[in-house]
$ cat protein.pdb   # PDB, C-alpha atoms
ATOM      1  CA  MET Q  24      20.450-139.225 -22.368  1.00  0.00           C
ATOM      2  CA  SER Q  25      18.690-137.783 -25.333  1.00  0.00           C
ATOM      3  CA  LYS Q  26      17.399-137.748 -28.790  1.00  0.00           C
ATOM      4  CA  VAL Q  27      17.147-135.367 -31.620  1.00  0.00           C
ATOM      5  CA  ILE Q  28      14.066-133.404 -32.250  1.00  0.00           C
ATOM      6  CA  ALA Q  29      12.338-134.389 -35.421  1.00  0.00           C
ATOM      7  CA  GLY Q  30      12.259-131.469 -37.768  1.00  0.00           C
ATOM      8  CA  PHE Q  31      14.706-129.401 -35.703  1.00  0.00           C
ATOM      9  CA  SER Q  32      16.798-127.891 -38.448  1.00  0.00           C
ATOM     10  CA  MET Q  33      17.376-124.288 -37.370  1.00  0.00           C
ATOM     11  CA  SER Q  34      20.707-123.859 -35.590  1.00  0.00           C
ATOM     12  CA  LEU Q  35      20.863-122.580 -32.028  1.00  0.00           C
ATOM     13  CA  ASP Q  36      22.895-119.646 -33.321  1.00  0.00           C
ATOM     14  CA  GLY Q  37      19.869-118.713 -35.419  1.00  0.00           C
ATOM     15  CA  PHE Q  38      17.657-118.812 -32.353  1.00  0.00           C
ATOM     16  CA  ILE Q  39      20.056-116.517 -30.503  1.00  0.00           C
ATOM     17  CA  ARG Q  40      19.667-113.878 -33.219  1.00  0.00           C
ATOM     18  CA  VAL Q  41      15.872-113.994 -33.292  1.00  0.00           C
ATOM     19  CA  ARG Q  42      13.956-111.673 -30.978  1.00  0.00           C
ATOM     20  CA  ASP Q  43      10.188-111.654 -30.500  1.00  0.00           C
ATOM     21  CA  VAL Q  44       9.860-108.046 -29.358  1.00  0.00           C
ATOM     22  CA  SER Q  45       6.109-108.031 -29.827  1.00  0.00           C
ATOM     23  CA  ARG Q  46       5.521-110.517 -27.003  1.00  0.00           C
ATOM     24  CA  LYS Q  47       4.028-108.933 -23.889  1.00  0.00           C
ATOM     25  CA  MET Q  48       6.518-108.844 -21.031  1.00  0.00           C
ATOM     26  CA  THR Q  49       5.595-110.859 -17.942  1.00  0.00           C
ATOM     27  CA  ALA Q  50       5.978-109.427 -14.457  1.00  0.00           C
ATOM     28  CA  MET Q  51       8.601-111.184 -12.371  1.00  0.00           C
ATOM     29  CA  ASP Q  52       7.084-113.508  -9.766  1.00  0.00           C
ATOM     30  CA  GLU Q  53       9.234-113.645  -6.632  1.00  0.00           C
ATOM     31  CA  ASP Q  54       7.373-116.654  -5.229  1.00  0.00           C
ATOM     32  CA  VAL Q  55       8.038-118.688  -8.382  1.00  0.00           C
ATOM     33  CA  THR Q  56      11.679-117.625  -8.357  1.00  0.00           C
ATOM     34  CA  VAL Q  57      12.217-118.638  -4.736  1.00  0.00           C
ATOM     35  CA  GLU Q  58      10.473-121.970  -5.231  1.00  0.00           C
ATOM     36  CA  LEU Q  59      12.496-122.836  -8.331  1.00  0.00           C
ATOM     37  CA  LEU Q  60      15.743-122.009  -6.530  1.00  0.00           C
ATOM     38  CA  GLU Q  61      14.765-124.109  -3.521  1.00  0.00           C
ATOM     39  CA  ARG Q  62      13.834-127.036  -5.737  1.00  0.00           C
ATOM     40  CA  ALA Q  63      17.083-126.777  -7.680  1.00  0.00           C
ATOM     41  CA  GLY Q  64      18.939-126.736  -4.367  1.00  0.00           C
ATOM     42  CA  ARG Q  65      17.254-129.971  -3.303  1.00  0.00           C
ATOM     43  CA  ASP Q  66      18.026-131.478  -6.711  1.00  0.00           C
ATOM     44  CA  GLN Q  67      21.735-130.863  -6.241  1.00  0.00           C
ATOM     45  CA  ALA Q  68      21.850-131.671  -2.515  1.00  0.00           C
ATOM     46  CA  VAL Q  69      20.341-135.121  -2.923  1.00  0.00           C
ATOM     47  CA  ARG Q  70      22.726-135.951  -5.759  1.00  0.00           C
ATOM     48  CA  MET Q  71      25.715-134.797  -3.743  1.00  0.00           C
ATOM     49  CA  SER Q  72      24.570-136.956  -0.824  1.00  0.00           C
ATOM     50  CA  LEU Q  73      24.987-140.204  -2.768  1.00  0.00           C
ATOM     51  CA  ARG Q  74      28.127-142.184  -2.119  1.00  0.00           C
ATOM     52  CA  SER Q  75      30.561-142.760  -4.968  1.00  0.00           C
ATOM     53  CA  GLY Q  76      29.628-145.866  -6.930  1.00  0.00           C
ATOM     54  CA  HIS Q  77      26.036-145.855  -5.659  1.00  0.00           C
ATOM     55  CA  GLY Q  78      23.574-148.335  -7.099  1.00  0.00           C
ATOM     56  CA  ILE Q  79      20.116-148.053  -8.629  1.00  0.00           C
ATOM     57  CA  PRO Q  80      18.327-148.794  -5.314  1.00  0.00           C
ATOM     58  CA  GLU Q  81      20.000-145.775  -3.678  1.00  0.00           C
ATOM     59  CA  TRP Q  82      19.091-143.592  -6.640  1.00  0.00           C
ATOM     60  CA  GLU Q  83      15.468-144.760  -6.592  1.00  0.00           C
ATOM     61  CA  THR Q  84      15.221-144.165  -2.854  1.00  0.00           C
ATOM     62  CA  ALA Q  85      16.916-140.757  -2.654  1.00  0.00           C
ATOM     63  CA  VAL Q  86      16.930-139.004  -6.027  1.00  0.00           C
ATOM     64  CA  ALA Q  87      13.924-140.331  -7.937  1.00  0.00           C
ATOM     65  CA  PRO Q  88      11.287-138.985  -5.490  1.00  0.00           C
ATOM     66  CA  VAL Q  89      12.857-135.511  -5.589  1.00  0.00           C
ATOM     67  CA  ASP Q  90      12.931-135.553  -9.385  1.00  0.00           C
ATOM     68  CA  ARG Q  91       9.311-136.702  -9.615  1.00  0.00           C
ATOM     69  CA  ASP Q  92       8.140-133.963  -7.269  1.00  0.00           C
ATOM     70  CA  ASN Q  93      10.197-131.309  -9.059  1.00  0.00           C
ATOM     71  CA  THR Q  94       8.921-132.424 -12.462  1.00  0.00           C
ATOM     72  CA  ALA Q  95       5.293-132.324 -11.367  1.00  0.00           C
ATOM     73  CA  ARG Q  96       5.687-128.808  -9.969  1.00  0.00           C
ATOM     74  CA  LEU Q  97       7.611-127.570 -13.009  1.00  0.00           C
ATOM     75  CA  LEU Q  98       4.763-128.721 -15.253  1.00  0.00           C
ATOM     76  CA  GLU Q  99       2.278-126.881 -13.017  1.00  0.00           C
ATOM     77  CA  ILE Q 100       4.328-123.681 -13.266  1.00  0.00           C
ATOM     78  CA  ILE Q 101       4.558-124.034 -17.044  1.00  0.00           C
ATOM     79  CA  GLY Q 102       0.800-124.591 -17.224  1.00  0.00           C
ATOM     80  CA  GLN Q 103       0.185-121.410 -15.242  1.00  0.00           C
ATOM     81  CA  HIS Q 104       2.847-119.117 -16.700  1.00  0.00           C
ATOM     82  CA  GLY Q 105       4.469-120.699 -19.735  1.00  0.00           C
ATOM     83  CA  TRP Q 106       8.210-121.330 -19.647  1.00  0.00           C
ATOM     84  CA  PRO Q 107       9.686-119.658 -16.525  1.00  0.00           C
ATOM     85  CA  GLY Q 108      12.269-117.460 -18.178  1.00  0.00           C
ATOM     86  CA  TYR Q 109      14.166-114.357 -17.106  1.00  0.00           C
ATOM     87  CA  ARG Q 110      11.099-112.109 -17.066  1.00  0.00           C
ATOM     88  CA  LEU Q 111       9.133-114.385 -14.760  1.00  0.00           C
ATOM     89  CA  ALA Q 112      11.860-115.897 -12.596  1.00  0.00           C
ATOM     90  CA  GLY Q 113      15.032-113.857 -13.115  1.00  0.00           C
ATOM     91  CA  GLU Q 114      18.302-115.280 -14.416  1.00  0.00           C
ATOM     92  CA  ALA Q 115      18.887-117.629 -11.477  1.00  0.00           C
ATOM     93  CA  GLY Q 116      15.285-118.820 -11.412  1.00  0.00           C
ATOM     94  CA  ALA Q 117      15.267-119.474 -15.152  1.00  0.00           C
ATOM     95  CA  HIS Q 118      18.463-121.512 -14.815  1.00  0.00           C
ATOM     96  CA  ALA Q 119      16.872-123.470 -11.966  1.00  0.00           C
ATOM     97  CA  ALA Q 120      13.867-124.249 -14.182  1.00  0.00           C
ATOM     98  CA  TRP Q 121      16.230-125.600 -16.832  1.00  0.00           C
ATOM     99  CA  LEU Q 122      17.918-127.831 -14.236  1.00  0.00           C
ATOM    100  CA  LEU Q 123      14.574-129.352 -13.239  1.00  0.00           C
ATOM    101  CA  ALA Q 124      13.786-130.000 -16.905  1.00  0.00           C
ATOM    102  CA  GLN Q 125      17.249-131.466 -17.461  1.00  0.00           C
ATOM    103  CA  HIS Q 126      16.545-134.032 -14.735  1.00  0.00           C
ATOM    104  CA  ALA Q 127      12.957-134.748 -15.806  1.00  0.00           C
ATOM    105  CA  PRO Q 128      11.852-137.859 -17.738  1.00  0.00           C
ATOM    106  CA  ALA Q 129      12.584-137.921 -21.463  1.00  0.00           C
ATOM    107  CA  ASP Q 130       8.973-137.241 -22.480  1.00  0.00           C
ATOM    108  CA  VAL Q 131       8.873-134.119 -20.303  1.00  0.00           C
ATOM    109  CA  GLN Q 132      12.174-132.926 -21.755  1.00  0.00           C
ATOM    110  CA  GLU Q 133      10.641-133.287 -25.215  1.00  0.00           C
ATOM    111  CA  LYS Q 134       7.757-131.037 -24.150  1.00  0.00           C
ATOM    112  CA  CYS Q 135      10.067-128.503 -22.518  1.00  0.00           C
ATOM    113  CA  LEU Q 136      12.485-128.216 -25.429  1.00  0.00           C
ATOM    114  CA  PRO Q 137      10.291-126.148 -27.791  1.00  0.00           C
ATOM    115  CA  LEU Q 138       9.258-123.942 -24.878  1.00  0.00           C
ATOM    116  CA  LEU Q 139      12.894-123.255 -24.035  1.00  0.00           C
ATOM    117  CA  GLN Q 140      13.687-122.729 -27.729  1.00  0.00           C
ATOM    118  CA  ASN Q 141      10.990-120.069 -27.933  1.00  0.00           C
ATOM    119  CA  ALA Q 142      12.217-118.435 -24.720  1.00  0.00           C
ATOM    120  CA  VAL Q 143      15.768-118.226 -26.087  1.00  0.00           C
ATOM    121  CA  ALA Q 144      14.435-116.832 -29.372  1.00  0.00           C
ATOM    122  CA  ARG Q 145      12.883-113.897 -27.548  1.00  0.00           C
ATOM    123  CA  GLY Q 146      15.881-113.348 -25.263  1.00  0.00           C
ATOM    124  CA  ASP Q 147      14.138-114.791 -22.202  1.00  0.00           C
ATOM    125  CA  ALA Q 148      16.404-117.776 -21.447  1.00  0.00           C
ATOM    126  CA  SER Q 149      20.003-118.941 -21.737  1.00  0.00           C
ATOM    127  CA  PRO Q 150      21.322-120.339 -25.041  1.00  0.00           C
ATOM    128  CA  VAL Q 151      23.734-122.473 -23.000  1.00  0.00           C
ATOM    129  CA  ASP Q 152      20.846-124.032 -21.078  1.00  0.00           C
ATOM    130  CA  LEU Q 153      19.143-124.736 -24.397  1.00  0.00           C
ATOM    131  CA  ALA Q 154      22.304-126.379 -25.749  1.00  0.00           C
ATOM    132  CA  TYR Q 155      22.408-128.772 -22.788  1.00  0.00           C
ATOM    133  CA  LEU Q 156      18.722-129.665 -23.033  1.00  0.00           C
ATOM    134  CA  LEU Q 157      18.891-130.105 -26.805  1.00  0.00           C
ATOM    135  CA  ASP Q 158      21.880-132.447 -26.497  1.00  0.00           C
ATOM    136  CA  ARG Q 159      20.130-134.481 -23.817  1.00  0.00           C
ATOM    137  CA  VAL Q 160      16.947-134.823 -25.876  1.00  0.00           C
ATOM    138  CA  LEU Q 161      19.023-135.900 -28.854  1.00  0.00           C
ATOM    139  CA  MET Q 162      20.834-138.458 -26.740  1.00  0.00           C
ATOM    140  CA  HIS Q 163      17.572-139.897 -25.408  1.00  0.00           C
ATOM    141  CA  ARG Q 164      16.478-140.346 -29.004  1.00  0.00           C
ATOM    142  CA  GLY Q 165      19.707-142.123 -29.868  1.00  0.00           C
ATOM    143  CA  GLU Q 166      20.811-139.287 -32.180  1.00  0.00           C
ATOM    144  CA  PRO Q 167      24.184-137.494 -32.277  1.00  0.00           C
ATOM    145  CA  GLN Q 168      24.335-134.408 -30.087  1.00  0.00           C
ATOM    146  CA  VAL Q 169      25.284-130.922 -31.320  1.00  0.00           C
ATOM    147  CA  TYR Q 170      27.257-129.214 -28.548  1.00  0.00           C
ATOM    148  CA  GLY Q 171      29.056-132.098 -26.855  1.00  0.00           C
ATOM    149  CA  THR Q 172      27.549-131.625 -23.412  1.00  0.00           C
ATOM    150  CA  GLN Q 173      26.432-135.200 -22.759  1.00  0.00           C
ATOM    151  CA  TYR Q 174      28.511-138.180 -21.636  1.00  0.00           C
ATOM    152  CA  GLN Q 175      27.996-141.795 -20.692  1.00  0.00           C
ATOM    153  CA  ILE Q 176      30.005-143.419 -17.923  1.00  0.00           C
ATOM    154  CA  ARG Q 177      31.567-146.631 -19.178  1.00  0.00           C
ATOM    155  CA  GLY Q 178      33.928-148.542 -16.951  1.00  0.00           C
ATOM    156  CA  GLY Q 179      34.000-145.571 -14.616  1.00  0.00           C
ATOM    157  CA  VAL Q 180      35.172-143.229 -17.402  1.00  0.00           C
ATOM    158  CA  PRO Q 181      33.082-140.433 -19.000  1.00  0.00           C
ATOM    159  CA  GLU Q 182      32.681-141.149 -22.709  1.00  0.00           C
ATOM    160  CA  LEU Q 183      31.372-138.415 -25.009  1.00  0.00           C
ATOM    161  CA  TRP Q 184      28.056-139.248 -26.661  1.00  0.00           C
ATOM    162  CA  PRO Q 185      28.452-139.180 -30.488  1.00  0.00           C
ATOM    163  CA  VAL Q 186      28.486-135.684 -31.973  1.00  0.00           C
ATOM    164  CA  ARG Q 187      27.321-134.257 -35.286  1.00  0.00           C
ATOM    165  CA  ASP Q 188      30.152-132.754 -37.303  1.00  0.00           C
ATOM    166  CA  PRO Q 189      32.861-133.431 -34.685  1.00  0.00           C
ATOM    167  CA  SER Q 190      35.371-131.195 -36.482  1.00  0.00           C
ATOM    168  CA  GLY Q 191      33.201-128.152 -35.793  1.00  0.00           C
ATOM    169  CA  LEU Q 192      32.365-129.039 -32.183  1.00  0.00           C
ATOM    170  CA  ASP Q 193      34.708-126.660 -30.381  1.00  0.00           C
ATOM    171  CA  GLU Q 194      33.742-123.807 -32.702  1.00  0.00           C
ATOM    172  CA  ARG Q 195      30.071-124.350 -31.896  1.00  0.00           C
ATOM    173  CA  ARG Q 196      30.887-124.512 -28.185  1.00  0.00           C
ATOM    174  CA  ALA Q 197      32.979-121.350 -28.361  1.00  0.00           C
ATOM    175  CA  ARG Q 198      30.092-119.422 -29.904  1.00  0.00           C
ATOM    176  CA  LEU Q 199      28.148-120.115 -26.716  1.00  0.00           C
ATOM    177  CA  GLY Q 200      31.076-119.309 -24.443  1.00  0.00           C
ATOM    178  CA  LEU Q 201      31.720-122.975 -23.600  1.00  0.00           C
ATOM    179  CA  GLU Q 202      35.257-124.255 -23.145  1.00  0.00           C
ATOM    180  CA  PRO Q 203      36.729-126.848 -25.550  1.00  0.00           C
ATOM    181  CA  GLU Q 204      35.257-130.313 -25.070  1.00  0.00           C
ATOM    182  CA  ALA Q 205      38.653-131.822 -24.169  1.00  0.00           C
ATOM    183  CA  VAL Q 206      39.022-129.359 -21.289  1.00  0.00           C
ATOM    184  CA  ASN Q 207      35.546-130.186 -20.042  1.00  0.00           C
ATOM    185  CA  ARG Q 208      36.211-133.922 -20.296  1.00  0.00           C
ATOM    186  CA  ALA Q 209      39.476-133.588 -18.364  1.00  0.00           C
ATOM    187  CA  ARG Q 210      37.580-131.944 -15.511  1.00  0.00           C
ATOM    188  CA  LEU Q 211      34.991-134.738 -15.541  1.00  0.00           C
ATOM    189  CA  LEU Q 212      37.745-137.332 -15.441  1.00  0.00           C
ATOM    190  CA  ALA Q 213      39.300-135.581 -12.449  1.00  0.00           C
ATOM    191  CA  ALA Q 214      35.916-135.565 -10.708  1.00  0.00           C
ATOM    192  CA  GLU Q 215      35.598-139.327 -11.249  1.00  0.00           C
ATOM    193  CA  ARG Q 216      38.867-140.068  -9.432  1.00  0.00           C
ATOM    194  CA  PRO Q 217      38.589-141.620  -5.967  1.00  0.00           C
ATOM    195  CA  GLY Q 218      38.051-138.989  -3.326  1.00  0.00           C
ATOM    196  CA  ALA Q 219      36.723-136.419  -5.809  1.00  0.00           C
ATOM    197  CA  LYS Q 220      33.165-135.161  -5.497  1.00  0.00           C
ATOM    198  CA  GLY Q 221      31.139-133.556  -8.272  1.00  0.00           C
ATOM    199  CA  ALA Q 222      27.624-132.334  -8.893  1.00  0.00           C
ATOM    200  CA  GLY Q 223      25.248-134.666 -10.665  1.00  0.00           C
TER     201      GLY Q 223
END
$ encode --input "protein.pdb" --output "structure tokens"
Amino acid sequence: MSKVIAGFSMSLDGFIRVRDVSRKMTAMDEDVTVELLERAGRDQAVRMSLRSGHGIPEWETAVAPVDRDNTARLLEIIGQHGWPGYRLAGEAGAHAAWLLAQHAPADVQEKCLPLLQNAVARGDASPVDLAYLLDRVLMHRGEPQVYGTQYQIRGGVPELWPVRDPSGLDERRARLGLEPEAVNRARLLAAERPGAKGAG
């Protein structure tokens, strides 16, 4: 869940158009890439291992330790290299870094957001990843989201977190190559049915 970033007024579309060509390119680090991918794999594997309708004790036992370890290492990587974008970690590695941030505590997400914004501005990270992290930060803050990526489960049903300018939601999503929100929600509903299994 997320909150909006105070003072965040520039649209994501604006960030997509900005390019910081003067920034020195970073050599790709294969070790960082492999580690990020392995950590993202553990992130997804432990979530998939939980039974449907699991409780907080199961989450705290299985998922929370993985998230804490991943968060600590992500912060170390950021401290050493800055945001691990395409140039450092490749496309897959950069996406894995976003996943670790997406599952980090709210205060860490707040710190990661401007780093990911800057990476997108210079063409070094995915605008879609930024949209998801921005929406989650906004939700944590109790603010309406922008791209309609975040849901709450109420009574076993995914419910869209409030959205800014709902009438323009699908247009904003389409600009990033995202499907209409109703299509996405239908897939989430199908995943929530008994016997269905989805990634967390």
$ closest_atom_pairs --input "protein.pdb" --of "segment 121-213 of chain Q" --to "segment 95-102 of chain Q" --cutoff "9 Å" --atoms "only C-alpha atoms" --output "JSON lines"
{"residue": "Q:Leu123", "atom": "CA", "partner": "Q:Leu97", "partner_atom": "CA", "distance": 7.2}
{"residue": "Q:Ala124", "atom": "CA", "partner": "Q:Leu97", "partner_atom": "CA", "distance": 7.7}
{"residue": "Q:Val131", "atom": "CA", "partner": "Q:Leu98", "partner_atom": "CA", "distance": 8.5}
{"residue": "Q:Cys135", "atom": "CA", "partner": "Q:Ile101", "partner_atom": "CA", "distance": 9.0}
$ resolve_selection --input "protein.pdb" --expression "the PyMOL selection byres ((chain Q and resi 93) around 12)" --output "ChimeraX atom specification"
/Q:58-67,86-92,94-100,119-128,131
$ write_last_selection --input "protein.pdb" --atoms "C-alpha atoms" --output "CSV table (one decimal), keeping the file's coordinate frame"
chain,number,residue,atom,x,y,z
Q,58,GLU,CA,10.5,-122.0,-5.2
Q,59,LEU,CA,12.5,-122.8,-8.3
Q,60,LEU,CA,15.7,-122.0,-6.5
Q,61,GLU,CA,14.8,-124.1,-3.5
Q,62,ARG,CA,13.8,-127.0,-5.7
Q,63,ALA,CA,17.1,-126.8,-7.7
Q,64,GLY,CA,18.9,-126.7,-4.4
Q,65,ARG,CA,17.3,-130.0,-3.3
Q,66,ASP,CA,18.0,-131.5,-6.7
Q,67,GLN,CA,21.7,-130.9,-6.2
Q,86,VAL,CA,16.9,-139.0,-6.0
Q,87,ALA,CA,13.9,-140.3,-7.9
Q,88,PRO,CA,11.3,-139.0,-5.5
Q,89,VAL,CA,12.9,-135.5,-5.6
Q,90,ASP,CA,12.9,-135.6,-9.4
Q,91,ARG,CA,9.3,-136.7,-9.6
Q,92,ASP,CA,8.1,-134.0,-7.3
Q,94,THR,CA,8.9,-132.4,-12.5
Q,95,ALA,CA,5.3,-132.3,-11.4
Q,96,ARG,CA,5.7,-128.8,-10.0
Q,97,LEU,CA,7.6,-127.6,-13.0
Q,98,LEU,CA,4.8,-128.7,-15.3
Q,99,GLU,CA,2.3,-126.9,-13.0
Q,100,ILE,CA,4.3,-123.7,-13.3
Q,119,ALA,CA,16.9,-123.5,-12.0
Q,120,ALA,CA,13.9,-124.2,-14.2
Q,121,TRP,CA,16.2,-125.6,-16.8
Q,122,LEU,CA,17.9,-127.8,-14.2
Q,123,LEU,CA,14.6,-129.4,-13.2
Q,124,ALA,CA,13.8,-130.0,-16.9
Q,125,GLN,CA,17.2,-131.5,-17.5
Q,126,HIS,CA,16.5,-134.0,-14.7
Q,127,ALA,CA,13.0,-134.7,-15.8
Q,128,PRO,CA,11.9,-137.9,-17.7
Q,131,VAL,CA,8.9,-134.1,-20.3
$ residues_around --input "protein.pdb" --residues "Pro203 of chain Q" --least-positions-apart "4" --cutoff "9 Å" --atoms "all atoms listed in the file" --output "list in words"
Leu192, Asp193, Glu194, Arg196, Ala197, Asn207 and Arg208 of chain Q
$ closest_atom_pairs --input "protein.pdb" --of "segment 83-134 of chain Q" --to "segment 140-160 of chain Q" --cutoff "8 Å" --atoms "only C-alpha atoms" --output "CSV"
residue,atom,partner,partner_atom,distance
Q:Trp106,CA,Q:Ala142,CA,7.1
Q:Gly108,CA,Q:Asp147,CA,5.2
Q:Tyr109,CA,Q:Asp147,CA,5.1
Q:Arg110,CA,Q:Asp147,CA,6.5
Q:Glu114,CA,Q:Ala148,CA,7.7
Q:Ala117,CA,Q:Ala148,CA,6.6
Q:His118,CA,Q:Asp152,CA,7.2
Q:Trp121,CA,Q:Asp152,CA,6.5
Q:Ala124,CA,Q:Leu156,CA,7.9
Q:Gln125,CA,Q:Leu156,CA,6.0
Q:Ala129,CA,Q:Val160,CA,6.9
Q:Gln132,CA,Q:Val160,CA,6.6
Q:Glu133,CA,Q:Val160,CA,6.5
$ write_last_selection --input "protein.pdb" --atoms "C-alpha atoms" --output "PDB file, in the frame of the given file"
ATOM      1  CA  TRP Q 106       8.210-121.330 -19.647  1.00  0.00           C
ATOM      2  CA  GLY Q 108      12.269-117.460 -18.178  1.00  0.00           C
ATOM      3  CA  TYR Q 109      14.166-114.357 -17.106  1.00  0.00           C
ATOM      4  CA  ARG Q 110      11.099-112.109 -17.066  1.00  0.00           C
ATOM      5  CA  GLU Q 114      18.302-115.280 -14.416  1.00  0.00           C
ATOM      6  CA  ALA Q 117      15.267-119.474 -15.152  1.00  0.00           C
ATOM      7  CA  HIS Q 118      18.463-121.512 -14.815  1.00  0.00           C
ATOM      8  CA  TRP Q 121      16.230-125.600 -16.832  1.00  0.00           C
ATOM      9  CA  ALA Q 124      13.786-130.000 -16.905  1.00  0.00           C
ATOM     10  CA  GLN Q 125      17.249-131.466 -17.461  1.00  0.00           C
ATOM     11  CA  ALA Q 129      12.584-137.921 -21.463  1.00  0.00           C
ATOM     12  CA  GLN Q 132      12.174-132.926 -21.755  1.00  0.00           C
ATOM     13  CA  GLU Q 133      10.641-133.287 -25.215  1.00  0.00           C
TER      14      GLU Q 133
END
$ atom_distance --input "protein.pdb" --atom1 "atom CA of Gln168 of chain Q" --atom2 "atom CA of Arg187 of chain Q"
6.0 Å
$ closest_residue --input "protein.pdb" --among "Q:Val180, Q:Ala112, Q:Ala213, Q:Val69" --to "Glu83 of chain Q" --atoms "all atoms listed in the file"
Q:Val69
$ closest_residue --input "protein.pdb" --among "Q:Ile176, Q:Tyr170, Q:Asp188, Q:Ala85" --to "Leu201 of chain Q" --atoms "only C-alpha atoms"
Q:Tyr170
$ resolve_selection --input "protein.pdb" --expression "the PyMOL selection byres ((chain Q and resi 175) around 12)" --output "PyMOL selection string"
chain Q and resi 24-25+159+162-163+171-174+176-185+208+211-212
$ residues_around --input "protein.pdb" --residues "Leu73 of chain Q" --least-positions-apart "2" --cutoff "12 Å" --atoms "all atoms listed in the file" --output "number ranges by chain"
Q: 66-71, 75-86, 220-223
$ axis_aligned_box --input "protein.pdb" --around "segment 80-84 of chain Q" --padding-each-side "6 Å" --output "lines of an AutoDock Vina configuration file"
center_x = 17.6
center_y = -146.2
center_z = -4.7
size_x = 16.8
size_y = 17.2
size_z = 15.8
$ atom_distance --input "protein.pdb" --atom1 "atom CA of Gly105 of chain Q" --atom2 "atom CA of Thr56 of chain Q"
13.8 Å
